[in-house]
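Okay, upload03.cif now, which holds mmCIF, C-alpha atoms; chains and numbers go by the auth columns:
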```cif
data_run
loop_
_atom_site.group_PDB
_atom_site.id
_atom_site.type_symbol
_atom_site.label_atom_id
_atom_site.label_comp_id
_atom_site.label_asym_id
_atom_site.label_seq_id
_atom_site.Cartn_x
_atom_site.Cartn_y
_atom_site.Cartn_z
_atom_site.B_iso_or_equiv
_atom_site.auth_seq_id
_atom_site.auth_asym_id
ATOM 1 C CA LYS A 1 -57.498 40.449 72.968 0.00 1 A
ATOM 2 C CA ALA A 2 -59.206 37.361 71.567 0.00 2 A
ATOM 3 C CA GLY A 3 -57.010 34.525 70.384 0.00 3 A
ATOM 4 C CA VAL A 4 -57.212 32.512 67.202 0.00 4 A
ATOM 5 C CA THR A 5 -60.680 31.019 66.839 0.00 5 A
ATOM 6 C CA GLN A 6 -61.290 27.813 64.933 0.00 6 A
ATOM 7 C CA THR A 7 -64.680 26.318 64.196 0.00 7 A
ATOM 8 C CA PRO A 8 -65.988 23.752 64.521 0.00 8 A
ATOM 9 C CA ARG A 9 -64.056 22.138 67.373 0.00 9 A
ATOM 10 C CA TYR A 10 -65.044 18.604 66.420 0.00 10 A
ATOM 11 C CA LEU A 11 -66.329 17.171 63.161 0.00 11 A
ATOM 12 C CA ILE A 12 -67.355 13.691 62.072 0.00 12 A
ATOM 13 C CA LYS A 13 -67.699 12.964 58.365 0.00 13 A
ATOM 14 C CA THR A 14 -67.907 9.907 56.151 0.00 14 A
ATOM 15 C CA ARG A 15 -65.632 8.988 53.268 0.00 15 A
ATOM 16 C CA GLY A 16 -66.342 10.898 50.081 0.00 16 A
ATOM 17 C CA GLN A 17 -67.874 13.909 51.786 0.00 17 A
ATOM 18 C CA GLN A 18 -66.296 17.333 51.824 0.00 18 A
ATOM 19 C CA VAL A 19 -65.597 19.606 54.767 0.00 19 A
ATOM 20 C CA THR A 20 -64.900 23.294 55.351 0.00 20 A
ATOM 21 C CA LEU A 21 -62.993 24.509 58.389 0.00 21 A
ATOM 22 C CA SER A 22 -62.904 28.116 59.525 0.00 22 A
ATOM 23 C CA CYS A 23 -60.237 30.210 61.230 0.00 23 A
ATOM 24 C CA SER A 24 -60.461 33.749 62.580 0.00 24 A
ATOM 25 C CA PRO A 25 -57.013 35.201 63.350 0.00 25 A
ATOM 26 C CA ILE A 26 -56.049 37.497 66.184 0.00 26 A
ATOM 27 C CA SER A 27 -57.219 41.017 65.470 0.00 27 A
ATOM 28 C CA GLY A 28 -54.571 42.838 63.439 0.00 28 A
ATOM 29 C CA HIS A 29 -52.892 39.652 62.235 0.00 29 A
ATOM 30 C CA ARG A 30 -52.816 39.366 58.467 0.00 30 A
ATOM 31 C CA SER A 31 -51.045 36.048 58.001 0.00 31 A
ATOM 32 C CA VAL A 32 -52.775 32.716 58.461 0.00 32 A
ATOM 33 C CA SER A 33 -51.278 29.269 58.092 0.00 33 A
ATOM 34 C CA TRP A 34 -52.769 25.806 58.400 0.00 34 A
ATOM 35 C CA TYR A 35 -51.250 22.588 59.712 0.00 35 A
ATOM 36 C CA GLN A 36 -52.339 18.976 59.907 0.00 36 A
ATOM 37 C CA GLN A 37 -51.347 17.030 63.016 0.00 37 A
ATOM 38 C CA THR A 38 -51.461 13.227 63.166 0.00 38 A
ATOM 39 C CA PRO A 39 -49.753 10.799 65.559 0.00 39 A
ATOM 40 C CA GLY A 40 -47.784 9.258 62.712 0.00 40 A
ATOM 41 C CA GLN A 41 -46.714 12.292 60.684 0.00 41 A
ATOM 42 C CA GLY A 42 -46.617 14.973 63.349 0.00 42 A
ATOM 43 C CA LEU A 43 -47.282 18.586 62.373 0.00 43 A
ATOM 44 C CA GLN A 44 -47.300 19.125 58.618 0.00 44 A
ATOM 45 C CA PHE A 45 -47.661 22.425 56.800 0.00 45 A
ATOM 46 C CA LEU A 46 -50.698 22.833 54.543 0.00 46 A
ATOM 47 C CA PHE A 47 -50.883 26.472 53.385 0.00 47 A
ATOM 48 C CA GLU A 48 -49.889 29.992 54.267 0.00 48 A
ATOM 49 C CA TYR A 49 -51.841 33.122 53.337 0.00 49 A
ATOM 50 C CA PHE A 50 -51.099 36.812 53.583 0.00 50 A
ATOM 51 C CA SER A 51 -53.410 39.557 52.362 0.00 51 A
ATOM 52 C CA GLU A 52 -55.657 37.051 50.570 0.00 52 A
ATOM 53 C CA THR A 53 -52.721 35.574 48.630 0.00 53 A
ATOM 54 C CA GLN A 54 -51.377 32.074 49.091 0.00 54 A
ATOM 55 C CA ARG A 55 -47.665 32.459 49.841 0.00 55 A
ATOM 56 C CA ASN A 56 -46.824 28.810 50.104 0.00 56 A
ATOM 57 C CA LYS A 57 -48.371 25.369 49.921 0.00 57 A
ATOM 58 C CA GLY A 58 -47.325 22.090 51.484 0.00 58 A
ATOM 59 C CA ASN A 59 -47.127 18.657 49.880 0.00 59 A
ATOM 60 C CA PHE A 60 -50.784 17.720 50.048 0.00 60 A
ATOM 61 C CA PRO A 61 -53.060 16.545 47.218 0.00 61 A
ATOM 62 C CA GLY A 62 -55.285 18.972 45.364 0.00 62 A
ATOM 63 C CA ARG A 63 -58.262 17.833 47.477 0.00 63 A
ATOM 64 C CA PHE A 64 -56.928 20.230 50.107 0.00 64 A
ATOM 65 C CA SER A 65 -57.577 23.870 49.317 0.00 65 A
ATOM 66 C CA GLY A 66 -57.854 27.100 51.188 0.00 66 A
ATOM 67 C CA ARG A 67 -58.511 30.785 50.918 0.00 67 A
ATOM 68 C CA GLN A 68 -58.247 33.973 52.882 0.00 68 A
ATOM 69 C CA PHE A 69 -60.789 36.774 52.934 0.00 69 A
ATOM 70 C CA SER A 70 -60.275 40.528 53.031 0.00 70 A
ATOM 71 C CA ASN A 71 -60.858 40.537 56.813 0.00 71 A
ATOM 72 C CA SER A 72 -57.994 37.984 57.161 0.00 72 A
ATOM 73 C CA ARG A 73 -60.344 35.157 58.126 0.00 73 A
ATOM 74 C CA SER A 74 -59.434 31.923 56.421 0.00 74 A
ATOM 75 C CA GLU A 75 -61.116 28.710 55.414 0.00 75 A
ATOM 76 C CA MET A 76 -59.743 25.401 54.306 0.00 76 A
ATOM 77 C CA ASN A 77 -61.669 22.807 52.378 0.00 77 A
ATOM 78 C CA VAL A 78 -61.068 19.102 51.952 0.00 78 A
ATOM 79 C CA SER A 79 -63.030 17.372 49.223 0.00 79 A
ATOM 80 C CA THR A 80 -63.655 13.648 48.746 0.00 80 A
ATOM 81 C CA LEU A 81 -62.598 12.806 52.286 0.00 81 A
ATOM 82 C CA GLU A 82 -60.469 9.725 52.909 0.00 82 A
ATOM 83 C CA LEU A 83 -59.950 7.814 56.149 0.00 83 A
ATOM 84 C CA GLY A 84 -56.382 9.126 56.274 0.00 84 A
ATOM 85 C CA ASP A 85 -57.620 12.696 56.488 0.00 85 A
ATOM 86 C CA SER A 86 -58.629 12.095 60.101 0.00 86 A
ATOM 87 C CA ALA A 87 -56.460 14.521 62.040 0.00 87 A
ATOM 88 C CA LEU A 88 -56.275 17.634 64.152 0.00 88 A
ATOM 89 C CA TYR A 89 -56.265 20.654 61.843 0.00 89 A
ATOM 90 C CA LEU A 90 -54.569 23.656 63.345 0.00 90 A
ATOM 91 C CA CYS A 91 -54.703 27.239 62.232 0.00 91 A
ATOM 92 C CA ALA A 92 -52.092 29.791 63.251 0.00 92 A
ATOM 93 C CA SER A 93 -51.981 33.529 62.781 0.00 93 A
ATOM 94 C CA SER A 94 -49.123 36.001 62.760 0.00 94 A
ATOM 95 C CA LEU A 95 -48.762 39.715 62.188 0.00 95 A
ATOM 96 C CA ALA A 96 -47.064 39.641 58.801 0.00 96 A
ATOM 97 C CA PRO A 97 -44.212 37.970 56.932 0.00 97 A
ATOM 98 C CA GLY A 98 -40.705 38.799 58.045 0.00 98 A
ATOM 99 C CA GLY A 99 -38.859 38.871 61.325 0.00 99 A
ATOM 100 C CA ALA A 100 -40.603 38.682 64.688 0.00 100 A
ATOM 101 C CA GLY A 101 -43.899 39.378 62.929 0.00 101 A
ATOM 102 C CA GLU A 102 -43.843 35.714 61.970 0.00 102 A
ATOM 103 C CA LYS A 103 -44.285 34.537 65.566 0.00 103 A
ATOM 104 C CA LEU A 104 -47.157 32.057 65.333 0.00 104 A
ATOM 105 C CA PHE A 105 -50.205 31.899 67.586 0.00 105 A
ATOM 106 C CA PHE A 106 -52.303 28.755 67.267 0.00 106 A
ATOM 107 C CA GLY A 107 -55.990 28.100 67.633 0.00 107 A
ATOM 108 C CA SER A 108 -57.383 25.111 69.529 0.00 108 A
ATOM 109 C CA GLY A 109 -57.815 23.153 66.323 0.00 109 A
ATOM 110 C CA THR A 110 -60.567 21.204 64.624 0.00 110 A
ATOM 111 C CA GLN A 111 -60.530 17.471 65.308 0.00 111 A
ATOM 112 C CA LEU A 112 -61.775 15.797 62.126 0.00 112 A
ATOM 113 C CA SER A 113 -62.801 12.154 62.160 0.00 113 A
ATOM 114 C CA VAL A 114 -63.551 10.438 58.856 0.00 114 A
ATOM 115 C CA LEU A 115 -65.567 7.219 59.135 0.00 115 A
ATOM 116 C CA GLY B 1 -36.238 20.528 52.460 0.00 1 B
ATOM 117 C CA ILE B 2 -34.864 21.421 55.878 0.00 2 B
ATOM 118 C CA GLN B 3 -34.593 18.624 58.475 0.00 3 B
ATOM 119 C CA VAL B 4 -35.497 19.419 62.090 0.00 4 B
ATOM 120 C CA GLU B 5 -34.508 16.883 64.714 0.00 5 B
ATOM 121 C CA GLN B 6 -35.361 17.071 68.398 0.00 6 B
ATOM 122 C CA SER B 7 -33.872 15.219 71.324 0.00 7 B
ATOM 123 C CA PRO B 8 -34.598 13.488 73.547 0.00 8 B
ATOM 124 C CA PRO B 9 -37.900 12.108 72.225 0.00 9 B
ATOM 125 C CA ASP B 10 -39.104 11.456 75.775 0.00 10 B
ATOM 126 C CA LEU B 11 -38.117 12.866 79.138 0.00 11 B
ATOM 127 C CA ILE B 12 -39.429 12.096 82.618 0.00 12 B
ATOM 128 C CA LEU B 13 -38.591 14.427 85.491 0.00 13 B
ATOM 129 C CA GLN B 14 -39.427 14.919 89.120 0.00 14 B
ATOM 130 C CA GLU B 15 -40.957 18.252 90.026 0.00 15 B
ATOM 131 C CA GLY B 16 -38.232 20.794 90.712 0.00 16 B
ATOM 132 C CA ALA B 17 -35.674 19.305 88.319 0.00 17 B
ATOM 133 C CA ASN B 18 -34.060 21.173 85.435 0.00 18 B
ATOM 134 C CA SER B 19 -33.934 20.012 81.824 0.00 19 B
ATOM 135 C CA THR B 20 -32.478 20.876 78.438 0.00 20 B
ATOM 136 C CA LEU B 21 -34.210 20.098 75.154 0.00 21 B
ATOM 137 C CA ARG B 22 -32.300 20.243 71.897 0.00 22 B
ATOM 138 C CA CYS B 23 -33.302 21.081 68.330 0.00 23 B
ATOM 139 C CA ASN B 24 -30.908 20.520 65.424 0.00 24 B
ATOM 140 C CA PHE B 25 -31.649 21.861 61.957 0.00 25 B
ATOM 141 C CA SER B 26 -29.980 21.028 58.674 0.00 26 B
ATOM 142 C CA ASP B 27 -29.904 24.439 56.993 0.00 27 B
ATOM 143 C CA SER B 28 -29.410 28.080 57.869 0.00 28 B
ATOM 144 C CA VAL B 29 -32.630 29.549 59.213 0.00 29 B
ATOM 145 C CA ASN B 30 -34.303 32.936 59.509 0.00 30 B
ATOM 146 C CA ASN B 31 -37.158 31.693 61.673 0.00 31 B
ATOM 147 C CA LEU B 32 -36.904 29.379 64.696 0.00 32 B
ATOM 148 C CA GLN B 33 -39.718 28.978 67.203 0.00 33 B
ATOM 149 C CA TRP B 34 -40.396 26.830 70.259 0.00 34 B
ATOM 150 C CA PHE B 35 -43.879 25.673 71.216 0.00 35 B
ATOM 151 C CA HIS B 36 -45.478 23.763 74.076 0.00 36 B
ATOM 152 C CA GLN B 37 -48.489 21.571 73.344 0.00 37 B
ATOM 153 C CA ASN B 38 -50.386 20.900 76.538 0.00 38 B
ATOM 154 C CA PRO B 39 -52.251 17.646 77.212 0.00 39 B
ATOM 155 C CA TRP B 40 -55.436 19.231 75.819 0.00 40 B
ATOM 156 C CA GLY B 41 -53.787 19.879 72.470 0.00 41 B
ATOM 157 C CA GLN B 42 -53.331 23.640 72.681 0.00 42 B
ATOM 158 C CA LEU B 43 -50.064 24.868 71.143 0.00 43 B
ATOM 159 C CA ILE B 44 -48.496 27.799 72.966 0.00 44 B
ATOM 160 C CA ASN B 45 -45.677 29.824 71.480 0.00 45 B
ATOM 161 C CA LEU B 46 -42.763 29.973 73.901 0.00 46 B
ATOM 162 C CA PHE B 47 -40.090 31.775 71.887 0.00 47 B
ATOM 163 C CA TYR B 48 -39.370 33.263 68.492 0.00 48 B
ATOM 164 C CA ILE B 49 -35.579 32.910 68.472 0.00 49 B
ATOM 165 C CA PRO B 50 -33.737 32.629 65.129 0.00 50 B
ATOM 166 C CA SER B 51 -30.538 33.571 66.973 0.00 51 B
ATOM 167 C CA GLY B 52 -29.326 34.601 70.412 0.00 52 B
ATOM 168 C CA THR B 53 -30.746 33.989 73.867 0.00 53 B
ATOM 169 C CA LYS B 54 -34.082 34.851 75.444 0.00 54 B
ATOM 170 C CA GLN B 55 -35.586 34.222 78.849 0.00 55 B
ATOM 171 C CA ASN B 56 -39.154 34.117 80.051 0.00 56 B
ATOM 172 C CA GLY B 57 -39.541 33.180 83.693 0.00 57 B
ATOM 173 C CA ARG B 58 -38.323 29.631 84.282 0.00 58 B
ATOM 174 C CA LEU B 59 -37.841 29.075 80.561 0.00 59 B
ATOM 175 C CA SER B 60 -34.976 30.237 78.417 0.00 60 B
ATOM 176 C CA ALA B 61 -33.808 29.445 74.909 0.00 61 B
ATOM 177 C CA THR B 62 -30.586 29.807 72.986 0.00 62 B
ATOM 178 C CA THR B 63 -30.088 29.455 69.256 0.00 63 B
ATOM 179 C CA VAL B 64 -26.593 29.126 67.814 0.00 64 B
ATOM 180 C CA ALA B 65 -27.421 29.745 64.181 0.00 65 B
ATOM 181 C CA THR B 66 -23.876 29.180 62.897 0.00 66 B
ATOM 182 C CA GLU B 67 -23.863 25.687 64.418 0.00 67 B
ATOM 183 C CA ARG B 68 -27.481 24.974 63.507 0.00 68 B
ATOM 184 C CA TYR B 69 -28.974 24.131 66.850 0.00 69 B
ATOM 185 C CA SER B 70 -31.255 25.565 69.495 0.00 70 B
ATOM 186 C CA LEU B 71 -31.693 24.680 73.152 0.00 71 B
ATOM 187 C CA LEU B 72 -34.692 25.119 75.419 0.00 72 B
ATOM 188 C CA TYR B 73 -33.987 25.199 79.153 0.00 73 B
ATOM 189 C CA ILE B 74 -36.660 24.501 81.730 0.00 74 B
ATOM 190 C CA SER B 75 -35.704 25.198 85.325 0.00 75 B
ATOM 191 C CA SER B 76 -37.504 24.132 88.496 0.00 76 B
ATOM 192 C CA SER B 77 -39.993 22.119 86.449 0.00 77 B
ATOM 193 C CA GLN B 78 -43.632 21.914 87.503 0.00 78 B
ATOM 194 C CA THR B 79 -46.315 19.365 86.652 0.00 79 B
ATOM 195 C CA THR B 80 -47.947 21.972 84.423 0.00 80 B
ATOM 196 C CA ASP B 81 -44.832 21.890 82.225 0.00 81 B
ATOM 197 C CA SER B 82 -45.853 18.419 81.048 0.00 82 B
ATOM 198 C CA GLY B 83 -46.692 18.065 77.387 0.00 83 B
ATOM 199 C CA VAL B 84 -44.906 18.025 74.054 0.00 84 B
ATOM 200 C CA TYR B 85 -42.303 20.628 73.142 0.00 85 B
ATOM 201 C CA PHE B 86 -41.838 21.377 69.461 0.00 86 B
ATOM 202 C CA CYS B 87 -39.311 23.436 67.645 0.00 87 B
ATOM 203 C CA ALA B 88 -39.991 24.685 64.149 0.00 88 B
ATOM 204 C CA ALA B 89 -37.620 26.223 61.637 0.00 89 B
ATOM 205 C CA ARG B 90 -37.786 27.930 58.258 0.00 90 B
ATOM 206 C CA PRO B 91 -34.731 28.004 55.955 0.00 91 B
ATOM 207 C CA SER B 92 -33.189 31.353 55.102 0.00 92 B
ATOM 208 C CA ASN B 93 -33.140 30.603 51.394 0.00 93 B
ATOM 209 C CA PRO B 94 -36.623 31.232 49.984 0.00 94 B
ATOM 210 C CA GLY B 95 -36.408 28.371 47.540 0.00 95 B
ATOM 211 C CA GLY B 96 -39.898 27.469 46.351 0.00 96 B
ATOM 212 C CA SER B 97 -42.023 25.020 48.280 0.00 97 B
ATOM 213 C CA ASN B 98 -39.280 24.386 50.842 0.00 98 B
ATOM 214 C CA TYR B 99 -39.683 27.914 52.213 0.00 99 B
ATOM 215 C CA LYS B 100 -42.056 26.829 54.973 0.00 100 B
ATOM 216 C CA LEU B 101 -41.958 26.339 58.710 0.00 101 B
ATOM 217 C CA THR B 102 -40.992 22.722 59.378 0.00 102 B
ATOM 218 C CA PHE B 103 -41.714 21.173 62.775 0.00 103 B
ATOM 219 C CA GLY B 104 -39.637 18.603 64.577 0.00 104 B
ATOM 220 C CA LYS B 105 -41.295 15.489 65.995 0.00 105 B
ATOM 221 C CA GLY B 106 -41.222 16.934 69.497 0.00 106 B
ATOM 222 C CA THR B 107 -40.029 16.006 72.978 0.00 107 B
ATOM 223 C CA LEU B 108 -42.648 14.479 75.273 0.00 108 B
ATOM 224 C CA LEU B 109 -41.994 15.819 78.771 0.00 109 B
ATOM 225 C CA THR B 110 -43.618 14.277 81.820 0.00 110 B
ATOM 226 C CA VAL B 111 -43.131 15.999 85.165 0.00 111 B
ATOM 227 C CA ASN B 112 -44.135 13.880 88.127 0.00 112 B
ATOM 228 C CA PRO B 113 -45.141 15.396 91.496 0.00 113 B
#
```

Show this structure as structure tokens.
Amino acid sequence: KAGVTQTPRYLIKTRGQQVTLSCSPISGHRSVSWYQQTPGQGLQFLFEYFSETQRNKGNFPGRFSGRQFSNSRSEMNVSTLELGDSALYLCASSLAPGGAGEKLFFGSGTQLSVL
Amino acid sequence: GIQVEQSPPDLILQEGANSTLRCNFSDSVNNLQWFHQNPWGQLINLFYIPSGTKQNGRLSATTVATERYSLLYISSSQTTDSGVYFCAARPSNPGGSNYKLTFGKGTLLTVNP
């Protein structure tokens, strides 16, 4: 069974550009969540989606957005990139909300560098 | 929102030693998970354990929900156990934007041969 797949693995952008990151969950998983990891702030929650609906959103500016498609694949977009957006962006999938179905499985992440 | 605190922040062991990592949380939870992030950045789920005790090989975890803490035990540690261990918790009360999985800052474990 394939794990969570994130693309691309590495990305270099300049300030002001926008970026789209992709996440394919484990087959059969319908929940996808996104996290930002930085040395200073640790792992911070961005969004959570289930059946194409955003269930929850973290405390990030509106430049950060996401969506989930009918096949459970998810994308997140960051517009007008800032230097502080440099981070490892992690996607996690789970079966469904509630109980042990919420056990998270993480992808390898996308390392974003903003120059 | 919920506060998740892990201790110790750093731990250095010799191969074969045992260790206990602690996770304290500030609110009642319905979701508590432990993860290991290896030196290459991959996060591996170790346990989903909102309450009770579970064991998986040399690792075991116990969550005492009424006292708001969880413990991760590593026995007979190996160099491959090195990395950062995170716990993450979600509060039981689905109150708006705070109803999210919050991660602690982690425990950096180094196991020397």

Exercise. Can you list, as a list in words, every protein, DNA or RNA residue that comes within 7 Å of A:Ser65 when you count only C-alpha atoms, leaving out same-chain residues fewer than 4 positions away?
Worked result: Met76, Asn77 and Val78 of chain A

For this session: One decimal, Å: what's the distance from atom CA of B:Thr20 over to atom CA of B:Leu72, could you say?
Result: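 Interatomic distance here is 5.7 Å.
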
Exercise. Once the PyMOL selection byres ((chain B) within 12 of (chain A)) has been applied to the shown file, what residues remain in the selection, as a VMD selection string?
Worked result: chain B and resid 1 4 29 to 51 84 86 to 90 92 94 to 107

For this session: Calculate how many Å separate atom CA of A:Ser31 from atom CA of A:Arg67, rounding to one decimal.
Result: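 If I compute the distance from atom CA of A:Ser31 to atom CA of A:Arg67, I get 11.6 Å.
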
For this session: Find the distance between atom CA of B:Leu108 and atom CA of B:Asp10 and write it in Å to one decimal.
Result: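 Between atom CA of B:Leu108 and atom CA of B:Asp10 the gap works out to 4.7 Å.
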
Problem set entry | Close residues, A:Tyr89 itself excluded, 7 Å, all atoms listed in the file, min 4 positions apart in chain, as a count of residues only | 6

For this session: Given the file shown, enumerate the residues that the PyMOL selection byres ((chain A and resi 68) around 9) captures and present them as a VMD selection string.
Result: chain A and resid 32 49 to 54 66 to 67 69 to 76

Just add all heavy atoms to stretch 76-86 of chain B and send it as a PDB file, in the coordinates of the input.
```
ATOM      1  N   SER B  76     -36.515  24.355  87.420  1.00  0.00           N
ATOM      2  CA  SER B  76     -37.504  24.132  88.496  1.00  0.00           C
ATOM      3  C   SER B  76     -38.841  23.673  87.920  1.00  0.00           C
ATOM      4  O   SER B  76     -39.881  24.308  88.126  1.00  0.00           O
ATOM      5  CB  SER B  76     -37.695  25.418  89.316  1.00  0.00           C
ATOM      6  OG  SER B  76     -36.467  25.881  89.817  1.00  0.00           O
ATOM      7  N   SER B  77     -38.808  22.563  87.197  1.00  0.00           N
ATOM      8  CA  SER B  77     -39.993  22.119  86.449  1.00  0.00           C
ATOM      9  C   SER B  77     -41.195  21.881  87.372  1.00  0.00           C
ATOM     10  O   SER B  77     -41.050  21.518  88.555  1.00  0.00           O
ATOM     11  CB  SER B  77     -39.668  20.849  85.672  1.00  0.00           C
ATOM     12  OG  SER B  77     -39.231  19.835  86.547  1.00  0.00           O
ATOM     13  N   GLN B  78     -42.372  22.102  86.802  1.00  0.00           N
ATOM     14  CA  GLN B  78     -43.632  21.914  87.503  1.00  0.00           C
ATOM     15  C   GLN B  78     -44.485  20.942  86.697  1.00  0.00           C
ATOM     16  O   GLN B  78     -44.265  20.752  85.499  1.00  0.00           O
ATOM     17  CB  GLN B  78     -44.351  23.264  87.649  1.00  0.00           C
ATOM     18  CG  GLN B  78     -43.544  24.301  88.412  1.00  0.00           C
ATOM     19  CD  GLN B  78     -44.195  25.667  88.445  1.00  0.00           C
ATOM     20  OE1 GLN B  78     -45.258  25.883  87.858  1.00  0.00           O
ATOM     21  NE2 GLN B  78     -43.564  26.596  89.146  1.00  0.00           N
ATOM     22  N   THR B  79     -45.480  20.349  87.349  1.00  0.00           N
ATOM     23  CA  THR B  79     -46.315  19.365  86.652  1.00  0.00           C
ATOM     24  C   THR B  79     -47.019  19.995  85.456  1.00  0.00           C
ATOM     25  O   THR B  79     -47.282  19.318  84.461  1.00  0.00           O
ATOM     26  CB  THR B  79     -47.354  18.759  87.607  1.00  0.00           C
ATOM     27  OG1 THR B  79     -48.125  19.808  88.198  1.00  0.00           O
ATOM     28  CG2 THR B  79     -46.669  17.948  88.720  1.00  0.00           C
ATOM     29  N   THR B  80     -47.292  21.277  85.544  1.00  0.00           N
ATOM     30  CA  THR B  80     -47.947  21.972  84.423  1.00  0.00           C
ATOM     31  C   THR B  80     -47.036  22.144  83.217  1.00  0.00           C
ATOM     32  O   THR B  80     -47.497  22.545  82.144  1.00  0.00           O
ATOM     33  CB  THR B  80     -48.447  23.352  84.865  1.00  0.00           C
ATOM     34  OG1 THR B  80     -47.361  24.056  85.473  1.00  0.00           O
ATOM     35  CG2 THR B  80     -49.600  23.225  85.843  1.00  0.00           C
ATOM     36  N   ASP B  81     -45.749  21.842  83.364  1.00  0.00           N
ATOM     37  CA  ASP B  81     -44.832  21.890  82.225  1.00  0.00           C
ATOM     38  C   ASP B  81     -44.961  20.645  81.350  1.00  0.00           C
ATOM     39  O   ASP B  81     -44.398  20.590  80.249  1.00  0.00           O
ATOM     40  CB  ASP B  81     -43.372  21.996  82.696  1.00  0.00           C
ATOM     41  CG  ASP B  81     -43.078  23.306  83.412  1.00  0.00           C
ATOM     42  OD1 ASP B  81     -43.733  24.324  83.100  1.00  0.00           O
ATOM     43  OD2 ASP B  81     -42.200  23.311  84.298  1.00  0.00           O
ATOM     44  N   SER B  82     -45.681  19.651  81.820  1.00  0.00           N
ATOM     45  CA  SER B  82     -45.853  18.419  81.048  1.00  0.00           C
ATOM     46  C   SER B  82     -46.502  18.709  79.701  1.00  0.00           C
ATOM     47  O   SER B  82     -47.295  19.648  79.567  1.00  0.00           O
ATOM     48  CB  SER B  82     -46.699  17.412  81.825  1.00  0.00           C
ATOM     49  OG  SER B  82     -46.042  17.006  83.010  1.00  0.00           O
ATOM     50  N   GLY B  83     -46.153  17.899  78.730  1.00  0.00           N
ATOM     51  CA  GLY B  83     -46.692  18.065  77.387  1.00  0.00           C
ATOM     52  C   GLY B  83     -45.601  17.824  76.358  1.00  0.00           C
ATOM     53  O   GLY B  83     -44.537  17.293  76.680  1.00  0.00           O
ATOM     54  N   VAL B  84     -45.877  18.214  75.134  1.00  0.00           N
ATOM     55  CA  VAL B  84     -44.906  18.025  74.054  1.00  0.00           C
ATOM     56  C   VAL B  84     -44.326  19.377  73.664  1.00  0.00           C
ATOM     57  O   VAL B  84     -45.067  20.349  73.484  1.00  0.00           O
ATOM     58  CB  VAL B  84     -45.555  17.360  72.826  1.00  0.00           C
ATOM     59  CG1 VAL B  84     -44.501  17.115  71.743  1.00  0.00           C
ATOM     60  CG2 VAL B  84     -46.239  16.056  73.211  1.00  0.00           C
ATOM     61  N   TYR B  85     -43.013  19.415  73.550  1.00  0.00           N
ATOM     62  CA  TYR B  85     -42.303  20.628  73.142  1.00  0.00           C
ATOM     63  C   TYR B  85     -41.827  20.463  71.709  1.00  0.00           C
ATOM     64  O   TYR B  85     -41.132  19.503  71.383  1.00  0.00           O
ATOM     65  CB  TYR B  85     -41.135  20.903  74.088  1.00  0.00           C
ATOM     66  CG  TYR B  85     -41.607  21.340  75.452  1.00  0.00           C
ATOM     67  CD1 TYR B  85     -42.051  20.408  76.385  1.00  0.00           C
ATOM     68  CD2 TYR B  85     -41.646  22.686  75.796  1.00  0.00           C
ATOM     69  CE1 TYR B  85     -42.521  20.803  77.630  1.00  0.00           C
ATOM     70  CE2 TYR B  85     -42.108  23.094  77.043  1.00  0.00           C
ATOM     71  CZ  TYR B  85     -42.547  22.148  77.949  1.00  0.00           C
ATOM     72  OH  TYR B  85     -43.022  22.558  79.178  1.00  0.00           O
ATOM     73  N   PHE B  86     -42.223  21.399  70.874  1.00  0.00           N
ATOM     74  CA  PHE B  86     -41.838  21.377  69.461  1.00  0.00           C
ATOM     75  C   PHE B  86     -40.943  22.561  69.140  1.00  0.00           C
ATOM     76  O   PHE B  86     -41.147  23.656  69.650  1.00  0.00           O
ATOM     77  CB  PHE B  86     -43.075  21.489  68.555  1.00  0.00           C
ATOM     78  CG  PHE B  86     -43.992  20.309  68.573  1.00  0.00           C
ATOM     79  CD1 PHE B  86     -45.160  20.338  69.327  1.00  0.00           C
ATOM     80  CD2 PHE B  86     -43.713  19.181  67.822  1.00  0.00           C
ATOM     81  CE1 PHE B  86     -46.025  19.261  69.347  1.00  0.00           C
ATOM     82  CE2 PHE B  86     -44.570  18.091  67.826  1.00  0.00           C
ATOM     83  CZ  PHE B  86     -45.725  18.127  68.589  1.00  0.00           C
TER      84      PHE B  86
END
```
